[in-house]
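S.K.: Here it is: the structure, laid out below.
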Amino acid sequence: MSLFNLYDDEVSIEELRQLISNKICEKRTIDYKQTLELVGDENRKEFLADIVSFANTNGGILIYGMREDAGLPVDLIGITSGNFDILKGQIESIIRDGIAPKLNTIKVIDVIITENNKAIIIKIPQSWASPHLVWFKRSSKFFARNSSHGKYQLEISEIRSSIIASENLYEKIRNFRLDRVSKLLNNQTPVLMNGNPKFVIHIIPFNSFNYANQIDMSSEKWSNLFNSNYYSNYREKHNFDGYVIHNQFDTINPADHYTQYFRNGEIEIVDTTCTYIKDGNKLIYSSRFENIFQEDIPIAALSLLSFNLGFPVIITLSILGIKDYTMGYYNPNYHSHGSFPIDKDNLLINEIIIQKYDDLKNPVSYKPLFDPIWNACGFVRSLNFNANGEQNP
């Protein structure tokens, strides 16, 4: 059900009624509230504590407008508001201003019960930047959840453990990237690749290091996922690491592109079509390498939705063997200095965080990855964006 997909922003009244008919009891990941009280400092602190407790644990759902008895939902009564758009805006404002660090993946959804009543559902994914604290009127407290008593205030030792866990997560992400780059520099690729510079993209879900999230590589979803015109000229195969899509069609002619799906959910895209040589000049296709992000990443990341790996994800860009290449471009209105050769063999650009799938389709999301490449060639920014940061190829 989409109700329990914390990244889906749709919930039906039938799903809410099924909670009653199926006797889904309150637990660590779901909490029922008959009313929504946001007036007064104490009510707001209590509301924020509920939000933070889910984010600091395993994520979950708050349902307002559901009457419960001993933890069991018994009646979907909804709540009344003069303007639900204003109410949702108030909820989002309180969350934005009262929690540190900020939570950006929370969804506030309303479901019509009667003409005047709606249920309010707040979906709170597990945060990978925890621990978060309630920061309101000089109150700064950390909360988490357990299965027996709902939310509780974290002790110092638990706060310290949570901070270490977040730091360890980023270390695992960095180590994964560096390990893969090392292998690629040594030509350890899943298919034979040509010798051109490699543009390497890694898509790393935050929860890919939860080893309970191993993908079923025998699933029929793989064939359904790639049964599209986009991959009509590609081949696919299972391998030790997981599953790979590529365009190596024989043992003589190497591939220039592959997408490797790892068992834990990480994705590696490697492309060697982003450079060319003209009149003795080594050039980068200034539009081609940016188009890889806008075209390939949304397609590749469909696996994250299909296998419920979810967001947020970290995206990295590494360019290998690029020394002495310059940016190939045409822009008659750009009168600053021209393109200079890159003076490093390999460029590892700082990662970006993408909070939801739709952001993968927005070219502006990737601009922090594009600009350093242009900077390395002597430009102030990517010329495919204007000075306001808007795409202007």
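Please note that chains go A, B, ... in the order of the structure tokens, that every chain numbers its residues from 1, and that ligands are numbered from 1 in the order shown.
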If we count only C-alpha atoms, what is near stretch 124-128 of chain A at a cut-off of 8 Å, once residues fewer than 5 positions away on the same chain are taken out, given as an NGL selection string?
M.R.: :A and (6-7 or 51 or 54-61 or 103 or 105-107 or 166 or 206)
S.K.: Save the residues we just selected, N, CA, C and O atoms, as a tab-separated table (two decimals), in the first residue's frame?
M.R.:
```tsv
chain	number	residue	atom	x	y	z
A	6	LEU	N	6.97	5.53	2.46
A	6	LEU	CA	7.21	6.84	3.06
A	6	LEU	C	7.64	7.89	2.04
A	6	LEU	O	7.73	9.08	2.39
A	7	TYR	N	7.88	7.48	0.80
A	7	TYR	CA	8.28	8.43	-0.23
A	7	TYR	C	7.16	8.70	-1.23
A	7	TYR	O	7.34	9.47	-2.16
A	51	ILE	N	7.55	14.02	15.62
A	51	ILE	CA	8.21	14.00	14.32
A	51	ILE	C	9.66	13.53	14.45
A	51	ILE	O	10.12	12.63	13.75
A	54	PHE	N	10.36	9.71	15.14
A	54	PHE	CA	10.33	8.83	13.97
A	54	PHE	C	11.60	9.00	13.14
A	54	PHE	O	12.21	8.01	12.71
A	55	ALA	N	11.99	10.25	12.88
A	55	ALA	CA	13.15	10.51	12.02
A	55	ALA	C	14.43	9.92	12.62
A	55	ALA	O	15.30	9.46	11.89
A	56	ASN	N	14.54	9.92	13.95
A	56	ASN	CA	15.75	9.43	14.61
A	56	ASN	C	15.76	7.91	14.77
A	56	ASN	O	16.75	7.36	15.23
A	57	THR	N	14.64	7.25	14.42
A	57	THR	CA	14.59	5.80	14.57
A	57	THR	C	14.48	5.14	13.20
A	57	THR	O	15.42	5.21	12.42
A	58	ASN	N	13.33	4.55	12.88
A	58	ASN	CA	13.18	3.86	11.60
A	58	ASN	C	12.20	4.53	10.65
A	58	ASN	O	11.79	3.94	9.66
A	59	GLY	N	11.82	5.78	10.98
A	59	GLY	CA	10.81	6.43	10.17
A	59	GLY	C	9.43	5.91	10.54
A	59	GLY	O	9.28	4.96	11.33
A	60	GLY	N	8.39	6.53	9.99
A	60	GLY	CA	7.05	6.06	10.29
A	60	GLY	C	5.98	7.04	9.85
A	60	GLY	O	6.24	8.00	9.11
A	61	ILE	N	4.75	6.79	10.34
A	61	ILE	CA	3.58	7.54	9.90
A	61	ILE	C	2.80	8.02	11.12
A	61	ILE	O	2.51	7.24	12.03
A	103	LEU	N	14.75	18.73	8.48
A	103	LEU	CA	14.24	17.53	7.82
A	103	LEU	C	13.57	17.96	6.53
A	103	LEU	O	12.62	18.75	6.56
A	105	THR	N	12.51	15.67	3.94
A	105	THR	CA	11.82	14.61	3.19
A	105	THR	C	10.44	14.29	3.75
A	105	THR	O	9.82	13.32	3.34
A	106	ILE	N	9.94	15.08	4.68
A	106	ILE	CA	8.65	14.81	5.30
A	106	ILE	C	7.52	15.19	4.34
A	106	ILE	O	7.58	16.22	3.67
A	107	LYS	N	6.49	14.34	4.29
A	107	LYS	CA	5.33	14.60	3.45
A	107	LYS	C	4.10	14.78	4.32
A	107	LYS	O	3.85	13.95	5.21
A	166	SER	N	25.94	8.04	12.05
A	166	SER	CA	25.84	8.91	10.87
A	166	SER	C	27.21	9.13	10.24
A	166	SER	O	27.37	9.10	9.02
A	206	PHE	N	21.07	5.99	0.78
A	206	PHE	CA	21.55	6.00	2.16
A	206	PHE	C	21.32	4.66	2.84
A	206	PHE	O	22.11	4.23	3.67
```
S.K.: Pick out the residues sitting within 9 Å of A:Asn384, and hand them over as a PyMOL selection string; count only C-alpha atoms, and ignore anything fewer than 4 positions along from it in its own chain.
M.R.: chain A and resi 286-287+290+390-393
S.K.: Check which residues of stretch 73-140 of chain A sit at most 8 Å from stretch 30-38 of chain A using only C-alpha atoms, and return one row each with the closest pair of atoms and their distance in Å to one decimal, ordered by chain and rising number, as JSON lines.
M.R.:
```
{"residue": "A:Pro73", "atom": "CA", "partner": "A:Tyr32", "partner_atom": "CA", "distance": 7.2}
{"residue": "A:Ile77", "atom": "CA", "partner": "A:Gln34", "partner_atom": "CA", "distance": 7.7}
{"residue": "A:Gly78", "atom": "CA", "partner": "A:Gln34", "partner_atom": "CA", "distance": 7.7}
{"residue": "A:Ile79", "atom": "CA", "partner": "A:Thr35", "partner_atom": "CA", "distance": 6.5}
```
S.K.: Can you list every residue in stretch 351-380 of chain A that DSSP puts in strand (DSSP E or B), as a PyMOL selection string?
M.R.: chain A and resi 351-354
S.K.: Kindly save the residues from that selection, with N, CA, C and O atoms included, as a PDB file, in the first residue's frame.
M.R.:
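Written output follows (selection-v7.pdb):
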```pdb
ATOM      1  N   GLU A 351      30.228  15.137  -3.553  1.00  0.00           N
ATOM      2  CA  GLU A 351      28.917  14.538  -3.782  1.00  0.00           C
ATOM      3  C   GLU A 351      27.781  15.538  -3.569  1.00  0.00           C
ATOM      4  O   GLU A 351      27.947  16.577  -2.928  1.00  0.00           O
ATOM      5  N   ILE A 352      26.629  15.205  -4.142  1.00  0.00           N
ATOM      6  CA  ILE A 352      25.392  15.931  -3.866  1.00  0.00           C
ATOM      7  C   ILE A 352      24.389  14.959  -3.274  1.00  0.00           C
ATOM      8  O   ILE A 352      24.506  13.734  -3.445  1.00  0.00           O
ATOM      9  N   ILE A 353      23.394  15.488  -2.571  1.00  0.00           N
ATOM     10  CA  ILE A 353      22.325  14.674  -2.000  1.00  0.00           C
ATOM     11  C   ILE A 353      21.021  15.000  -2.716  1.00  0.00           C
ATOM     12  O   ILE A 353      20.660  16.174  -2.851  1.00  0.00           O
ATOM     13  N   ILE A 354      20.348  13.980  -3.195  1.00  0.00           N
ATOM     14  CA  ILE A 354      19.041  14.129  -3.844  1.00  0.00           C
ATOM     15  C   ILE A 354      17.990  13.554  -2.909  1.00  0.00           C
ATOM     16  O   ILE A 354      18.074  12.385  -2.504  1.00  0.00           O
TER      17      ILE A 354
END
```
S.K.: Could you give me, as a ChimeraX atom specification, the residues within 9 Å of A:Val181, counting only C-alpha atoms and dropping anything in the same chain fewer than 4 positions from it?
M.R.: /A:176-177,185-186,200,318,320
S.K.: Go ahead and save the residues from that selection, with all heavy atoms, as a compact mmCIF listing (two decimals), in the first residue's frame.
M.R.:
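Okay, this is what ended up in out-v5.txt:
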```
# COMPACT_ATOMS: atom_id res chain seq x y z
N PHE A 176 33.14 3.19 -0.47
CA PHE A 176 32.57 2.50 -1.64
C PHE A 176 33.01 3.20 -2.91
O PHE A 176 33.46 2.55 -3.87
CB PHE A 176 31.04 2.47 -1.55
CG PHE A 176 30.38 1.99 -2.82
CD1 PHE A 176 30.30 0.65 -3.11
CD2 PHE A 176 29.85 2.91 -3.73
CE1 PHE A 176 29.70 0.21 -4.29
CE2 PHE A 176 29.26 2.48 -4.90
CZ PHE A 176 29.18 1.13 -5.18
N ARG A 177 32.88 4.51 -2.93
CA ARG A 177 33.27 5.25 -4.13
C ARG A 177 34.74 5.08 -4.44
O ARG A 177 35.11 4.80 -5.60
CB ARG A 177 32.93 6.73 -3.94
CG ARG A 177 33.34 7.60 -5.13
CD ARG A 177 33.31 9.06 -4.78
NE ARG A 177 33.46 9.90 -5.96
CZ ARG A 177 33.54 11.22 -5.93
NH1 ARG A 177 33.49 11.86 -4.77
NH2 ARG A 177 33.69 11.91 -7.05
N LEU A 185 40.30 2.43 -12.38
CA LEU A 185 41.62 2.87 -12.81
C LEU A 185 42.49 1.69 -13.22
O LEU A 185 43.42 1.83 -14.02
CB LEU A 185 42.30 3.67 -11.70
CG LEU A 185 41.74 5.07 -11.46
CD1 LEU A 185 42.37 5.68 -10.20
CD2 LEU A 185 42.00 5.97 -12.67
N ASN A 186 42.18 0.52 -12.66
CA ASN A 186 42.91 -0.70 -13.00
C ASN A 186 42.16 -1.54 -14.02
O ASN A 186 42.44 -2.74 -14.17
CB ASN A 186 43.18 -1.52 -11.73
CG ASN A 186 44.25 -0.90 -10.86
OD1 ASN A 186 45.44 -0.93 -11.18
ND2 ASN A 186 43.82 -0.30 -9.75
N VAL A 200 32.27 8.67 -14.59
CA VAL A 200 31.74 7.67 -13.67
C VAL A 200 30.74 8.33 -12.73
O VAL A 200 31.09 9.27 -12.00
CB VAL A 200 32.88 7.02 -12.85
CG1 VAL A 200 32.32 5.93 -11.95
CG2 VAL A 200 33.96 6.47 -13.78
N SER A 318 32.95 11.15 -10.95
CA SER A 318 34.40 11.01 -11.04
C SER A 318 34.76 10.93 -12.53
O SER A 318 34.09 10.23 -13.28
CB SER A 318 34.88 9.75 -10.32
OG SER A 318 34.34 9.67 -9.01
N LEU A 320 37.92 10.03 -15.03
CA LEU A 320 39.21 9.35 -14.97
C LEU A 320 39.93 9.45 -16.32
O LEU A 320 39.33 9.25 -17.37
CB LEU A 320 39.00 7.88 -14.60
CG LEU A 320 38.08 7.61 -13.39
CD1 LEU A 320 37.99 6.12 -13.11
CD2 LEU A 320 38.59 8.36 -12.15
```
S.K.: May I ask which of the residues A:Glu26, A:Asp371, A:Ile156, A:Ile245 is the closest one to A:Asn386, counting only C-alpha atoms?
M.R.: A:Asp371
S.K.: Which is closer to A:Ser218 than all the others in A:Gln90, A:Tyr258, A:Lys237, A:Gln18, using only C-alpha atoms?
M.R.: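 Using only C-alpha atoms, the shortest distance to A:Ser218 belongs to A:Lys237.
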S.K.: I'd like the interatomic distance between atom CA of A:Pro341 and atom CA of A:Glu295, to a tenth of an Å.
M.R.: 27.2 Å
S.K.: Excluding A:Gly280 and any residue of its chain fewer than 4 positions from it, enumerate the residues within 12 Å of it, using only C-alpha atoms, and give them as number ranges by chain.
M.R.: A: 276, 324-326
S.K.: Pick out the residues sitting within 10 Å of stretch 43-48 of chain A, and hand them over as a list in words; count only C-alpha atoms, and ignore anything fewer than 5 positions along from it in its own chain.
M.R.: Leu36, Glu37, Leu38, Ser53, Ile91, Ile94, Ile95, Gly98, Ile99, Leu133, Val134, Trp135, Phe136, Lys137, Ser139, Ser140, Lys141 and Phe143 of chain A
S.K.: Using only C-alpha atoms, which of the listed residues (A:Ile112, A:Val191, A:Ile252, A:Ile314) sits closest to A:Val11?
M.R.: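 Ranking A:Ile112, A:Val191, A:Ile252, A:Ile314 by distance to A:Val11, first place goes to A:Ile112.
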S.K.: If we count only C-alpha atoms and set the cut-off at 7 Å, which residues sit around A:Leu72, ignoring sequence neighbours fewer than 3 positions away in its own chain? Please answer as number ranges by chain.
M.R.: A: 23-26, 68-69
S.K.: How about saving the chosen residues, N, CA and C atoms kept, as a PDB file, in the first residue's frame?
M.R.:
```pdb
ATOM      1  N   LYS A  23      -7.078  -4.339  11.973  1.00  0.00           N
ATOM      2  CA  LYS A  23      -6.626  -4.177  13.361  1.00  0.00           C
ATOM      3  C   LYS A  23      -5.117  -3.969  13.447  1.00  0.00           C
ATOM      4  N   ILE A  24      -4.643  -2.979  12.681  1.00  0.00           N
ATOM      5  CA  ILE A  24      -3.218  -2.639  12.681  1.00  0.00           C
ATOM      6  C   ILE A  24      -2.934  -1.773  13.901  1.00  0.00           C
ATOM      7  N   CYS A  25      -2.271  -2.349  14.875  1.00  0.00           N
ATOM      8  CA  CYS A  25      -2.033  -1.680  16.155  1.00  0.00           C
ATOM      9  C   CYS A  25      -0.920  -0.646  16.043  1.00  0.00           C
ATOM     10  N   GLU A  26      -0.958   0.354  16.920  1.00  0.00           N
ATOM     11  CA  GLU A  26       0.167   1.285  17.020  1.00  0.00           C
ATOM     12  C   GLU A  26       1.449   0.518  17.302  1.00  0.00           C
ATOM     13  N   GLU A  68      -8.371   5.864  18.586  1.00  0.00           N
ATOM     14  CA  GLU A  68      -7.831   4.542  18.910  1.00  0.00           C
ATOM     15  C   GLU A  68      -8.233   4.149  20.329  1.00  0.00           C
ATOM     16  N   ASP A  69      -8.186   2.855  20.564  1.00  0.00           N
ATOM     17  CA  ASP A  69      -8.492   2.298  21.878  1.00  0.00           C
ATOM     18  C   ASP A  69      -7.418   1.270  22.200  1.00  0.00           C
TER      19      ASP A  69
END
```
S.K.: Between A:Ala119, A:Lys102, A:Lys367, A:Ile201, which residue has the minimum interatomic distance to A:Ala387, considering only C-alpha atoms?
M.R.: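 Among the listed residues, the smallest separation from A:Ala387 belongs to A:Lys367.
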S.K.: For atom CA of A:Leu76 and atom CA of A:Gly150, determine how far apart the two atoms are, in Å to one decimal place.
M.R.: 21.0 Å
S.K.: What's the separation between atom CA of A:Glu42 and atom CA of A:Ile63, in Å to one decimal place?
M.R.: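 Pair atom CA of A:Glu42 / atom CA of A:Ile63 returns 19.6 Å.
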